[in-house]
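The next block is target-v6.txt, given as compact mmCIF, C-alpha atoms.
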# COMPACT_ATOMS: atom_id res chain seq x y z
CA MET A 1 8.56 -29.73 -63.35
CA LYS A 2 11.53 -30.49 -61.20
CA GLY A 3 12.81 -26.98 -61.61
CA GLY A 4 9.52 -25.49 -60.40
CA LYS A 5 9.49 -27.55 -57.25
CA SER A 6 13.09 -26.88 -56.41
CA LYS A 7 12.64 -23.13 -56.78
CA ALA A 8 9.69 -23.21 -54.42
CA ALA A 9 11.64 -25.39 -51.98
CA GLU A 10 14.62 -23.04 -52.15
CA ALA A 11 12.36 -20.07 -51.51
CA LYS A 12 10.89 -21.80 -48.44
CA ARG A 13 14.37 -22.65 -47.13
CA ALA A 14 15.56 -19.10 -47.64
CA ASP A 15 12.49 -17.76 -45.89
CA SER A 16 12.90 -20.14 -42.93
CA ASN A 17 16.64 -19.35 -42.74
CA ALA A 18 15.81 -15.64 -42.65
CA ARG A 19 13.37 -16.25 -39.82
CA LEU A 20 15.90 -18.32 -37.91
CA SER A 21 18.57 -15.68 -38.27
CA VAL A 22 16.17 -13.03 -37.00
CA LYS A 23 15.27 -15.22 -34.03
CA LYS A 24 18.90 -15.87 -33.23
CA LYS A 25 19.75 -12.19 -33.36
CA GLY A 26 16.74 -11.35 -31.20
CA ALA A 27 17.59 -14.05 -28.67
CA ALA A 28 21.21 -12.90 -28.46
CA ALA A 29 20.17 -9.30 -27.97
CA VAL A 30 17.67 -10.24 -25.29
CA GLY A 31 20.22 -12.40 -23.48
CA LYS A 32 22.70 -9.54 -23.31
CA LYS A 33 20.21 -6.99 -22.05
CA THR A 34 18.52 -9.07 -19.37
CA ALA A 35 19.86 -8.73 -15.90
CA LYS A 36 18.66 -10.50 -12.79
CA LYS A 37 16.04 -8.47 -11.04
CA GLU A 38 16.05 -8.41 -7.28
CA LYS A 39 13.03 -9.99 -5.65
CA ALA A 40 10.74 -7.68 -3.79
CA VAL A 41 10.75 -8.33 -0.07
CA LYS A 42 7.51 -9.93 1.05
CA ASP A 43 5.67 -8.45 4.00
CA PRO A 44 5.36 -11.12 6.72
CA ASN A 45 2.18 -9.48 8.01
CA LYS A 46 0.35 -9.84 4.70
CA PRO A 47 -2.40 -12.50 4.84
CA LYS A 48 -1.76 -15.69 2.89
CA ARG A 49 -4.02 -16.62 0.01
CA PRO A 50 -6.67 -19.20 0.86
CA ALA A 51 -6.52 -22.80 -0.32
CA SER A 52 -8.63 -23.84 -3.28
CA ALA A 53 -11.31 -26.53 -2.99
CA PHE A 54 -8.83 -29.15 -4.21
CA PHE A 55 -6.31 -28.30 -1.51
CA VAL A 56 -9.03 -28.33 1.16
CA PHE A 57 -9.88 -31.83 -0.09
CA MET A 58 -6.20 -32.83 -0.05
CA GLU A 59 -5.86 -31.83 3.63
CA GLU A 60 -8.42 -34.47 4.58
CA PHE A 61 -7.30 -36.97 1.95
CA ARG A 62 -3.69 -36.96 3.19
CA LYS A 63 -4.83 -37.87 6.71
CA GLN A 64 -6.99 -40.73 5.43
CA TYR A 65 -4.27 -41.98 3.08
CA LYS A 66 -1.65 -42.01 5.84
CA GLU A 67 -3.97 -44.05 8.06
CA LYS A 68 -4.52 -46.63 5.30
CA HIS A 69 -0.90 -46.67 4.09
CA PRO A 70 1.39 -45.88 7.07
CA ALA A 71 4.48 -47.33 5.37
CA ASN A 72 4.22 -45.00 2.35
CA LYS A 73 6.63 -42.05 2.64
CA SER A 74 6.36 -40.82 -0.97
CA VAL A 75 4.70 -37.43 -1.35
CA SER A 76 4.21 -37.89 -5.07
CA VAL A 77 2.23 -41.11 -4.61
CA VAL A 78 -0.12 -39.41 -2.15
CA GLY A 79 -0.55 -36.43 -4.48
CA LYS A 80 -1.23 -38.61 -7.49
CA ALA A 81 -3.78 -40.71 -5.57
CA GLY A 82 -5.47 -37.52 -4.33
CA GLY A 83 -5.66 -36.07 -7.81
CA ASP A 84 -7.17 -39.23 -9.19
CA LYS A 85 -9.72 -39.34 -6.38
CA TRP A 86 -10.62 -35.65 -6.90
CA LYS A 87 -11.22 -36.25 -10.62
CA SER A 88 -13.51 -39.16 -9.86
CA LEU A 89 -15.68 -37.17 -7.41
CA SER A 90 -19.00 -35.80 -8.60
CA GLU A 91 -19.99 -32.16 -8.19
CA ALA A 92 -22.19 -33.07 -5.22
CA GLU A 93 -19.25 -34.79 -3.49
CA LYS A 94 -17.02 -31.78 -4.16
CA ALA A 95 -19.60 -29.31 -2.78
CA PRO A 96 -18.47 -29.37 0.91
CA TYR A 97 -14.89 -28.64 -0.12
CA VAL A 98 -15.98 -25.84 -2.42
CA ALA A 99 -18.04 -24.35 0.43
CA LYS A 100 -15.07 -24.47 2.82
CA ALA A 101 -12.87 -22.84 0.18
CA GLU A 102 -15.42 -20.06 -0.36
CA LYS A 103 -15.61 -19.46 3.40
CA ARG A 104 -11.83 -19.19 3.59
CA LYS A 105 -11.84 -16.84 0.62
CA THR A 106 -14.33 -14.45 2.26
CA GLU A 107 -12.23 -14.43 5.45
CA TYR A 108 -9.14 -13.74 3.35
CA ASN A 109 -10.85 -10.86 1.56
CA LYS A 110 -11.81 -9.31 4.90
CA SER A 111 -8.31 -9.63 6.28
CA MET A 112 -6.86 -8.21 3.04
CA GLN A 113 -9.12 -5.17 3.29
CA ALA A 114 -7.94 -4.61 6.85
CA TYR A 115 -4.33 -5.13 5.77
CA ASN A 116 -4.69 -2.68 2.88
CA LYS A 117 -6.20 -0.09 5.24
CA ARG A 118 -3.24 -0.46 7.60
CA MET A 119 -0.80 -0.15 4.71
CA ALA A 120 -2.55 2.96 3.39
CA GLU A 121 -2.31 4.62 6.81
CA GLY A 122 1.39 3.86 7.01
CA PRO A 123 3.37 2.39 9.88
CA THR A 124 1.96 3.28 13.25
CA ALA A 125 3.99 4.34 16.24
CA ALA A 126 3.38 0.99 17.96
CA GLU A 127 4.88 -0.94 15.03
CA GLU A 128 7.92 1.35 14.98
CA GLU A 129 8.45 0.90 18.72
CA GLU A 130 8.17 -2.87 18.32
CA SER A 131 10.91 -2.93 15.73
CA ASP A 132 13.16 -0.77 17.96
CA LYS A 133 12.53 -3.10 20.89
CA SER A 134 13.41 -6.16 18.86
CA ARG A 135 16.65 -4.51 17.74
CA SER A 136 17.62 -3.63 21.28
CA GLU A 137 16.85 -7.15 22.50
CA VAL A 138 19.09 -8.60 19.82
CA ASN A 139 21.87 -6.21 20.79
CA ASP A 140 21.41 -7.05 24.48
CA ASP A 141 21.81 -10.74 23.69
CA GLU A 142 25.03 -10.07 21.81
CA GLU A 143 26.37 -8.01 24.71
CA ASP A 144 25.55 -10.84 27.14
CA GLU A 145 27.45 -13.30 24.98
CA ASP A 146 30.47 -10.99 24.85
CA GLU A 147 30.47 -10.62 28.63
CA SER A 148 30.25 -14.37 29.16
CA GLY A 149 33.13 -14.87 26.74
CA GLU A 150 35.27 -12.36 28.65
CA GLU A 151 34.59 -14.09 31.95
CA GLU A 152 35.82 -17.40 30.54
CA ASP A 153 39.05 -15.76 29.42
CA ASP A 154 39.55 -14.30 32.93
CA GLU A 155 39.05 -17.70 34.58
CA GLU A 156 41.79 -19.35 32.52
Here is the file; what I need is its structure written in the form of structure tokens.
Amino acid sequence: MKGGKSKAAEAKRADSNARLSVKKKGAAAVGKKTAKKEKAVKDPNKPKRPASAFFVFMEEFRKQYKEKHPANKSVSVVGKAGGDKWKSLSEAEKAPYVAKAEKRKTEYNKSMQAYNKRMAEGPTAAEEEESDKSRSEVNDDEEDEDESGEEEDDEE
């Protein structure tokens, strides 16, 4: 009987060792091939996603909590207290926050549609002129600094 059990145990060990060796090889191969990908540049004009009902609740809760506990500077304590309070609220008590979140979401969807339309049309001439103006203003500022630096050298 001992021989039967040991053969089965050896078979399991061999099988698990084979799996481990495959995993190790796969992990090593993946590690060699992966390279850091560059992050895509975010468009500053893109609308931000709306807050969920919980975060709408937390906006008000933080104000109330700071009034009650002005000495508390810990963000984690406020977050934990807010989470506990949110869990204890009934659906009826959560309803106003859910409604505000839905309203924000509809506004976001409208602004995203407008944003997507603008992006589909491509950059307009006004946007291109704006970027040229901002570049020239930056260059003008640098030139002013250079001139002021030269005047100081002349005075000495």
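Proximity to segment 101-112 of chain A at 9 Å, evaluated using only C-alpha atoms and with sequence-adjacent residues fewer than 5 positions away removed, yields Lys46, Pro47, Lys48, Arg49, Pro50, Ala51, Ser52, Ala53, Phe54, Phe55, Val56, Pro96 and Lys117 of chain A.
By only C-alpha atoms, and with residues fewer than 3 positions from Met58 of chain A along its chain excluded, the set lying at most 9 Å from it is Ala53, Phe54, Phe55, Phe61, Arg62, Lys63, Gly79, Gly82, Gly83 and Trp86 of chain A.
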- Quick one: pull the distance between atom CA of Lys80 of chain A and atom CA of Ala92 of chain A, Å, one decimal. 21.8 Å
- Query: What is the distance between atom CA of Glu67 of chain A and atom CA of Lys85 of chain A, in Å to one decimal?
  - Reply: 16.2 Å
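Going from atom CA of Phe57 of chain A to atom CA of Ala114 of chain A covers 28.2 Å.
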